Amino acid sequence: MKTTRLGRLVQLVALLPLLALTFLPQPTFQDVVQDTTATGHGESPNRLRTVVLDAGHGGKDPGAMGRRSREARINLQLALLVGQKIKSQMPEVRVIYTRTTDRFIELAERSSIANRSKADLFISIHCNANPRSSRIYGTETYTMGLHKTEGNLEVAKRENAVILQEANYQQTYKGFNPDSPLAHIMLANYQHAFMGSSINFAQKVERSFRTNADRLSNGVKQAGFLVLWRTTMPSVLIESGYLTNPAEEQYLLSETGQDQISTAIVKAFRQYKQEIEAAN
């Protein structure tokens, strides 16, 4: 009996850092983009004014590795192209990057940049990998939520593992263990306020990949991502293709491929923006 009680006590102590994730103060959310400045001239108060583009990985964290590529570099090239096209086609939108060079940015700082900027949308751009098969390919877009498959969990674990390169990561992420499936389940339950808007944009991105870039879409998925954890606006993480698939790696390295992928994201962004502003 004493051994059983001691075992239960040890399990409870081990769970305490994970339980802390669920008791953190929740940010104040508002699922409609509000413009608090004077509008005048008949302008709508609900507008998508600011987007934050996050090029995943960077610096000492190369991300996924292909035969000829480093994920961090492709992510940056895609993010910069998306930003350039938004600025050119929609000059009224303020574009903010989490990085514009090959440097390391902590995950918590990426979401903090979006929150400080009062962004209306957060887009984190990545490339995928599958170490078990070079035949898997296609795009997928993630929102914060509970993973429904082991594959979704593996993607989240791989993206979240970057915190191991951060100083004081245990304090920053409240004891979060990127190798623990339970930690990801608890993390995924944290943010719900913008789930509908995030899924809406994610669906537009995947549809645009199919129709505007002729890519295989693996659909909209959910998992617990630390980079989306504390964002206080609709947020998605885009996996633009598999670097472990030789043909897709070549596509993502090419000027044509990067142009098509970035154009597809921008077209989805424009559609989402128009939908929000038409709601007035």
# chains A, B, ... in the order shown; residues from 1 in each chain; ligands from 1

call {"tool": "select_by_dssp", "arguments": {"residues": "region 191-278 of chain A", "states": "helix (DSSP H, G or I)", "output": "MDAnalysis selection string"}}
result
chainID A and resid 195:212 226:229 246:253 255:278

call {"tool": "closest_residue", "arguments": {"among": "A:Arg210, A:Arg68, A:Lys221, A:Arg49", "to": "Glu248 (chain A)", "atoms": "only C-alpha atoms"}}
result
A:Arg68

call {"tool": "residues_around", "arguments": {"residues": "Ser208 (chain A)", "least_positions_apart": "3", "cutoff": "10 Å", "atoms": "only C-alpha atoms", "output": "NGL selection string"}}
result
:A and (202-205 or 211-215 or 217 or 261 or 263-269 or 271)

call {"tool": "write_last_selection", "arguments": {"atoms": "all heavy atoms", "output": "tab-separated table (two decimals), in the first residue's frame"}}
result
chain	number	residue	atom	x	y	z
A	202	ALA	N	-6.77	28.90	-42.51
A	202	ALA	CA	-6.02	27.70	-42.89
A	202	ALA	C	-6.69	26.99	-44.06
A	202	ALA	O	-6.01	26.49	-44.98
A	202	ALA	CB	-5.90	26.76	-41.69
A	203	GLN	N	-8.00	26.92	-44.06
A	203	GLN	CA	-8.72	26.28	-45.16
A	203	GLN	C	-8.51	27.04	-46.47
A	203	GLN	O	-8.35	26.43	-47.54
A	203	GLN	CB	-10.22	26.21	-44.84
A	203	GLN	CG	-10.54	25.20	-43.74
A	203	GLN	CD	-11.99	25.28	-43.29
A	203	GLN	OE1	-12.65	26.33	-43.42
A	203	GLN	NE2	-12.50	24.20	-42.75
A	204	LYS	N	-8.48	28.35	-46.39
A	204	LYS	CA	-8.24	29.15	-47.59
A	204	LYS	C	-6.82	28.92	-48.12
A	204	LYS	O	-6.61	28.89	-49.34
A	204	LYS	CB	-8.48	30.63	-47.28
A	204	LYS	CG	-9.96	30.99	-47.10
A	204	LYS	CD	-10.13	32.44	-46.68
A	204	LYS	CE	-11.59	32.87	-46.74
A	204	LYS	NZ	-12.51	31.98	-46.01
A	205	VAL	N	-5.86	28.78	-47.22
A	205	VAL	CA	-4.48	28.54	-47.65
A	205	VAL	C	-4.38	27.21	-48.38
A	205	VAL	O	-3.81	27.13	-49.48
A	205	VAL	CB	-3.53	28.55	-46.43
A	205	VAL	CG1	-2.13	28.06	-46.83
A	205	VAL	CG2	-3.44	29.95	-45.83
A	211	THR	N	-5.42	25.09	-55.91
A	211	THR	CA	-5.91	25.74	-57.13
A	211	THR	C	-4.90	26.68	-57.77
A	211	THR	O	-4.89	26.83	-59.00
A	211	THR	CB	-7.20	26.51	-56.83
A	211	THR	OG1	-6.94	27.49	-55.81
A	211	THR	CG2	-8.30	25.58	-56.34
A	212	ASN	N	-4.05	27.30	-56.98
A	212	ASN	CA	-3.14	28.31	-57.52
A	212	ASN	C	-1.69	27.84	-57.64
A	212	ASN	O	-0.90	28.48	-58.35
A	212	ASN	CB	-3.18	29.57	-56.64
A	212	ASN	CG	-4.55	30.23	-56.65
A	212	ASN	OD1	-5.09	30.52	-57.72
A	212	ASN	ND2	-5.11	30.48	-55.48
A	213	ALA	N	-1.35	26.75	-56.96
A	213	ALA	CA	0.02	26.24	-57.04
A	213	ALA	C	0.06	24.77	-57.49
A	213	ALA	O	1.14	24.20	-57.61
A	213	ALA	CB	0.73	26.40	-55.70
A	214	ASP	N	-1.11	24.19	-57.71
A	214	ASP	CA	-1.21	22.80	-58.17
A	214	ASP	C	-0.45	21.85	-57.25
A	214	ASP	O	0.24	20.94	-57.70
A	214	ASP	CB	-0.68	22.68	-59.61
A	214	ASP	CG	-1.10	21.37	-60.27
A	214	ASP	OD1	-2.15	20.82	-59.88
A	214	ASP	OD2	-0.37	20.89	-61.16
A	215	ARG	N	-0.61	22.07	-55.94
A	215	ARG	CA	0.06	21.21	-54.96
A	215	ARG	C	-0.91	20.19	-54.39
A	215	ARG	O	-2.12	20.42	-54.33
A	215	ARG	CB	0.65	22.03	-53.80
A	215	ARG	CG	1.53	23.18	-54.19
A	215	ARG	CD	2.59	22.80	-55.19
A	215	ARG	NE	3.56	21.85	-54.66
A	215	ARG	CZ	4.37	21.12	-55.44
A	215	ARG	NH1	4.30	21.19	-56.76
A	215	ARG	NH2	5.24	20.29	-54.88
A	217	SER	N	-2.65	18.89	-51.41
A	217	SER	CA	-2.96	19.41	-50.08
A	217	SER	C	-3.30	18.24	-49.16
A	217	SER	O	-4.20	17.45	-49.45
A	217	SER	CB	-4.14	20.39	-50.14
A	217	SER	OG	-4.61	20.68	-48.83
A	261	ILE	N	4.22	29.15	-54.35
A	261	ILE	CA	3.81	28.96	-52.96
A	261	ILE	C	3.47	30.31	-52.31
A	261	ILE	O	2.43	30.46	-51.65
A	261	ILE	CB	4.91	28.25	-52.15
A	261	ILE	CG1	5.03	26.80	-52.58
A	261	ILE	CG2	4.65	28.35	-50.65
A	261	ILE	CD1	3.85	25.93	-52.22
A	263	THR	N	2.63	33.12	-53.79
A	263	THR	CA	1.44	33.67	-54.43
A	263	THR	C	0.17	33.03	-53.88
A	263	THR	O	-0.83	33.71	-53.63
A	263	THR	CB	1.51	33.48	-55.95
A	263	THR	OG1	2.59	34.25	-56.47
A	263	THR	CG2	0.21	33.94	-56.63
A	264	ALA	N	0.21	31.72	-53.68
A	264	ALA	CA	-0.96	31.02	-53.14
A	264	ALA	C	-1.30	31.52	-51.74
A	264	ALA	O	-2.47	31.71	-51.40
A	264	ALA	CB	-0.69	29.52	-53.13
A	265	ILE	N	-0.28	31.75	-50.91
A	265	ILE	CA	-0.53	32.26	-49.55
A	265	ILE	C	-1.12	33.66	-49.61
A	265	ILE	O	-2.06	33.99	-48.88
A	265	ILE	CB	0.78	32.25	-48.73
A	265	ILE	CG1	1.26	30.81	-48.52
A	265	ILE	CG2	0.58	32.95	-47.38
A	265	ILE	CD1	2.64	30.70	-47.88
A	266	VAL	N	-0.59	34.50	-50.50
A	266	VAL	CA	-1.08	35.87	-50.61
A	266	VAL	C	-2.53	35.89	-51.11
A	266	VAL	O	-3.35	36.69	-50.64
A	266	VAL	CB	-0.17	36.70	-51.54
A	266	VAL	CG1	-0.78	38.06	-51.83
A	266	VAL	CG2	1.20	36.87	-50.90
A	267	LYS	N	-2.87	35.02	-52.05
A	267	LYS	CA	-4.25	34.97	-52.54
A	267	LYS	C	-5.21	34.53	-51.43
A	267	LYS	O	-6.32	35.05	-51.32
A	267	LYS	CB	-4.34	34.04	-53.74
A	267	LYS	CG	-3.73	34.64	-55.01
A	267	LYS	CD	-3.96	33.76	-56.23
A	267	LYS	CE	-3.43	34.45	-57.49
A	267	LYS	NZ	-3.65	33.64	-58.72
A	268	ALA	N	-4.78	33.59	-50.61
A	268	ALA	CA	-5.59	33.18	-49.46
A	268	ALA	C	-5.74	34.33	-48.47
A	268	ALA	O	-6.82	34.56	-47.92
A	268	ALA	CB	-4.96	31.97	-48.79
A	269	PHE	N	-4.66	35.06	-48.27
A	269	PHE	CA	-4.69	36.22	-47.36
A	269	PHE	C	-5.67	37.27	-47.88
A	269	PHE	O	-6.46	37.83	-47.10
A	269	PHE	CB	-3.28	36.81	-47.24
A	269	PHE	CG	-3.22	38.07	-46.43
A	269	PHE	CD1	-3.17	38.01	-45.05
A	269	PHE	CD2	-3.22	39.31	-47.04
A	269	PHE	CE1	-3.11	39.18	-44.29
A	269	PHE	CE2	-3.16	40.48	-46.29
A	269	PHE	CZ	-3.11	40.41	-44.91
A	271	GLN	N	-8.26	36.87	-49.80
A	271	GLN	CA	-9.63	36.38	-49.66
A	271	GLN	C	-10.10	36.48	-48.22
A	271	GLN	O	-11.23	36.88	-47.93
A	271	GLN	CB	-9.71	34.94	-50.15
A	271	GLN	CG	-11.12	34.37	-50.15
A	271	GLN	CD	-11.18	32.92	-50.60
A	271	GLN	OE1	-10.14	32.27	-50.75
A	271	GLN	NE2	-12.38	32.41	-50.80

call {"tool": "residues_around", "arguments": {"residues": "Thr100 (chain A)", "least_positions_apart": "2", "cutoff": "10 Å", "atoms": "only C-alpha atoms", "output": "list in words"}}
result
Leu53, Asp54, Ala55, Gly58, Leu76, Gln77, Ala79, Leu80, Ile96, Tyr97, Thr98, Asp102 and Arg103 of chain A

call {"tool": "atom_distance", "arguments": {"atom1": "CA of Glu275 (chain A)", "atom2": "CA of Leu121 (chain A)"}}
result
13.6 Å

call {"tool": "select_by_dssp", "arguments": {"residues": "region 207-271 of chain A", "states": "strand (DSSP E)", "output": "list in words"}}
result
Ser217, Asn218, Gly219, Val220, Lys221, Gln222, Ala223, Ser235, Val236, Leu237, Ile238, Glu239, Ser240, Gly241 and Tyr242 of chain A

call {"tool": "write_last_selection", "arguments": {"atoms": "N, CA and C atoms", "output": "short mmCIF file (atom, residue, chain, number, x, y, z; two decimals), in the first residue's frame"}}
result
data_model
loop_
_atom_site.label_atom_id
_atom_site.label_comp_id
_atom_site.auth_asym_id
_atom_site.auth_seq_id
_atom_site.Cartn_x
_atom_site.Cartn_y
_atom_site.Cartn_z
N SER A 217 -2.65 18.89 -51.41
CA SER A 217 -2.96 19.41 -50.08
C SER A 217 -3.30 18.24 -49.16
N ASN A 218 -2.59 18.17 -48.05
CA ASN A 218 -2.89 17.17 -47.03
C ASN A 218 -3.90 17.70 -46.01
N GLY A 219 -4.40 18.92 -46.26
CA GLY A 219 -5.50 19.44 -45.46
C GLY A 219 -5.11 20.29 -44.28
N VAL A 220 -6.14 20.73 -43.57
CA VAL A 220 -5.98 21.52 -42.35
C VAL A 220 -5.91 20.56 -41.17
N LYS A 221 -4.92 20.77 -40.30
CA LYS A 221 -4.71 19.88 -39.17
C LYS A 221 -4.54 20.70 -37.90
N GLN A 222 -4.57 19.99 -36.78
CA GLN A 222 -4.40 20.66 -35.48
C GLN A 222 -3.35 19.93 -34.65
N ALA A 223 -2.63 20.69 -33.87
CA ALA A 223 -1.66 20.14 -32.92
C ALA A 223 -1.22 21.27 -32.00
N SER A 235 -4.08 32.50 -35.83
CA SER A 235 -2.69 32.10 -36.09
C SER A 235 -2.66 30.74 -36.76
N VAL A 236 -1.74 30.60 -37.71
CA VAL A 236 -1.57 29.31 -38.39
C VAL A 236 -0.09 29.02 -38.56
N LEU A 237 0.21 27.74 -38.74
CA LEU A 237 1.56 27.31 -39.09
C LEU A 237 1.46 26.53 -40.40
N ILE A 238 2.12 27.04 -41.43
CA ILE A 238 2.06 26.45 -42.77
C ILE A 238 3.28 25.56 -43.00
N GLU A 239 3.03 24.31 -43.39
CA GLU A 239 4.09 23.41 -43.85
C GLU A 239 3.98 23.37 -45.38
N SER A 240 4.93 24.00 -46.05
CA SER A 240 4.81 24.24 -47.49
C SER A 240 5.28 23.08 -48.36
N GLY A 241 5.75 22.00 -47.74
CA GLY A 241 6.18 20.83 -48.51
C GLY A 241 7.24 20.06 -47.75
N TYR A 242 7.57 18.88 -48.26
CA TYR A 242 8.50 17.98 -47.59
C TYR A 242 9.89 18.06 -48.21
#

call {"tool": "atom_distance", "arguments": {"atom1": "CA of Glu249 (chain A)", "atom2": "CA of Ser69 (chain A)"}}
result
7.4 Å

call {"tool": "closest_residue", "arguments": {"among": "A:Met90, A:Leu253, A:Val82, A:Ala72", "to": "Arg270 (chain A)", "atoms": "only C-alpha atoms"}}
result
A:Met90

call {"tool": "residues_around", "arguments": {"residues": "region 129-131 of chain A", "least_positions_apart": "5", "cutoff": "8 Å", "atoms": "only C-alpha atoms", "output": "PDB file with all heavy atoms, in the first residue's frame"}}
result
ATOM      1  N   ALA A  64      14.442  21.452 -40.610  1.00  0.00           N
ATOM      2  CA  ALA A  64      14.568  20.200 -41.354  1.00  0.00           C
ATOM      3  C   ALA A  64      15.673  20.316 -42.403  1.00  0.00           C
ATOM      4  O   ALA A  64      15.900  21.394 -42.962  1.00  0.00           O
ATOM      5  CB  ALA A  64      13.243  19.848 -42.021  1.00  0.00           C
ATOM      6  N   MET A  65      16.314  19.201 -42.662  1.00  0.00           N
ATOM      7  CA  MET A  65      17.399  19.192 -43.640  1.00  0.00           C
ATOM      8  C   MET A  65      17.026  18.285 -44.804  1.00  0.00           C
ATOM      9  O   MET A  65      16.621  17.141 -44.614  1.00  0.00           O
ATOM     10  CB  MET A  65      18.680  18.673 -42.988  1.00  0.00           C
ATOM     11  CG  MET A  65      19.154  19.495 -41.798  1.00  0.00           C
ATOM     12  SD  MET A  65      19.720  21.138 -42.257  1.00  0.00           S
ATOM     13  CE  MET A  65      21.242  20.724 -43.114  1.00  0.00           C
ATOM     14  N   ILE A 136       6.590  10.684 -49.173  1.00  0.00           N
ATOM     15  CA  ILE A 136       5.511  11.544 -48.679  1.00  0.00           C
ATOM     16  C   ILE A 136       5.758  12.979 -49.117  1.00  0.00           C
ATOM     17  O   ILE A 136       6.872  13.487 -49.032  1.00  0.00           O
ATOM     18  CB  ILE A 136       5.414  11.452 -47.144  1.00  0.00           C
ATOM     19  CG1 ILE A 136       5.003  10.034 -46.744  1.00  0.00           C
ATOM     20  CG2 ILE A 136       4.414  12.466 -46.596  1.00  0.00           C
ATOM     21  CD1 ILE A 136       4.981   9.805 -45.255  1.00  0.00           C
ATOM     22  N   GLY A 241       5.745  22.000 -47.743  1.00  0.00           N
ATOM     23  CA  GLY A 241       6.177  20.835 -48.508  1.00  0.00           C
ATOM     24  C   GLY A 241       7.238  20.062 -47.755  1.00  0.00           C
ATOM     25  O   GLY A 241       7.766  20.526 -46.740  1.00  0.00           O
ATOM     26  N   TYR A 242       7.572  18.878 -48.262  1.00  0.00           N
ATOM     27  CA  TYR A 242       8.504  17.978 -47.590  1.00  0.00           C
ATOM     28  C   TYR A 242       9.888  18.057 -48.213  1.00  0.00           C
ATOM     29  O   TYR A 242      10.070  17.711 -49.387  1.00  0.00           O
ATOM     30  CB  TYR A 242       7.988  16.540 -47.665  1.00  0.00           C
ATOM     31  CG  TYR A 242       6.894  16.237 -46.680  1.00  0.00           C
ATOM     32  CD1 TYR A 242       5.583  16.631 -46.919  1.00  0.00           C
ATOM     33  CD2 TYR A 242       7.177  15.561 -45.489  1.00  0.00           C
ATOM     34  CE1 TYR A 242       4.571  16.345 -46.008  1.00  0.00           C
ATOM     35  CE2 TYR A 242       6.171  15.275 -44.572  1.00  0.00           C
ATOM     36  CZ  TYR A 242       4.873  15.672 -44.835  1.00  0.00           C
ATOM     37  OH  TYR A 242       3.883  15.399 -43.923  1.00  0.00           O
ATOM     38  N   LEU A 243      10.863  18.460 -47.417  1.00  0.00           N
ATOM     39  CA  LEU A 243      12.243  18.510 -47.897  1.00  0.00           C
ATOM     40  C   LEU A 243      12.857  17.120 -48.006  1.00  0.00           C
ATOM     41  O   LEU A 243      13.899  16.948 -48.644  1.00  0.00           O
ATOM     42  CB  LEU A 243      13.097  19.378 -46.978  1.00  0.00           C
ATOM     43  CG  LEU A 243      12.704  20.859 -46.905  1.00  0.00           C
ATOM     44  CD1 LEU A 243      13.665  21.611 -45.990  1.00  0.00           C
ATOM     45  CD2 LEU A 243      12.661  21.490 -48.277  1.00  0.00           C
ATOM     46  N   THR A 244      12.229  16.129 -47.395  1.00  0.00           N
ATOM     47  CA  THR A 244      12.707  14.757 -47.498  1.00  0.00           C
ATOM     48  C   THR A 244      12.215  14.083 -48.775  1.00  0.00           C
ATOM     49  O   THR A 244      12.626  12.952 -49.066  1.00  0.00           O
ATOM     50  CB  THR A 244      12.261  13.949 -46.266  1.00  0.00           C
ATOM     51  OG1 THR A 244      10.878  14.243 -45.977  1.00  0.00           O
ATOM     52  CG2 THR A 244      13.101  14.307 -45.054  1.00  0.00           C
ATOM     53  N   ASN A 245      11.337  14.744 -49.517  1.00  0.00           N
ATOM     54  CA  ASN A 245      10.926  14.252 -50.831  1.00  0.00           C
ATOM     55  C   ASN A 245      11.769  14.973 -51.882  1.00  0.00           C
ATOM     56  O   ASN A 245      11.691  16.201 -51.993  1.00  0.00           O
ATOM     57  CB  ASN A 245       9.436  14.519 -51.051  1.00  0.00           C
ATOM     58  CG  ASN A 245       8.950  14.059 -52.412  1.00  0.00           C
ATOM     59  OD1 ASN A 245       9.181  14.726 -53.422  1.00  0.00           O
ATOM     60  ND2 ASN A 245       8.266  12.923 -52.446  1.00  0.00           N
TER      61      ASN A 245
END

call {"tool": "atom_distance", "arguments": {"atom1": "CA of Gly66 (chain A)", "atom2": "CA of Trp229 (chain A)"}}
result
27.7 Å

call {"tool": "closest_residue", "arguments": {"among": "A:Ser133, A:Thr50, A:Ser262, A:Asn75", "to": "Lys118 (chain A)", "atoms": "only C-alpha atoms"}}
result
A:Thr50
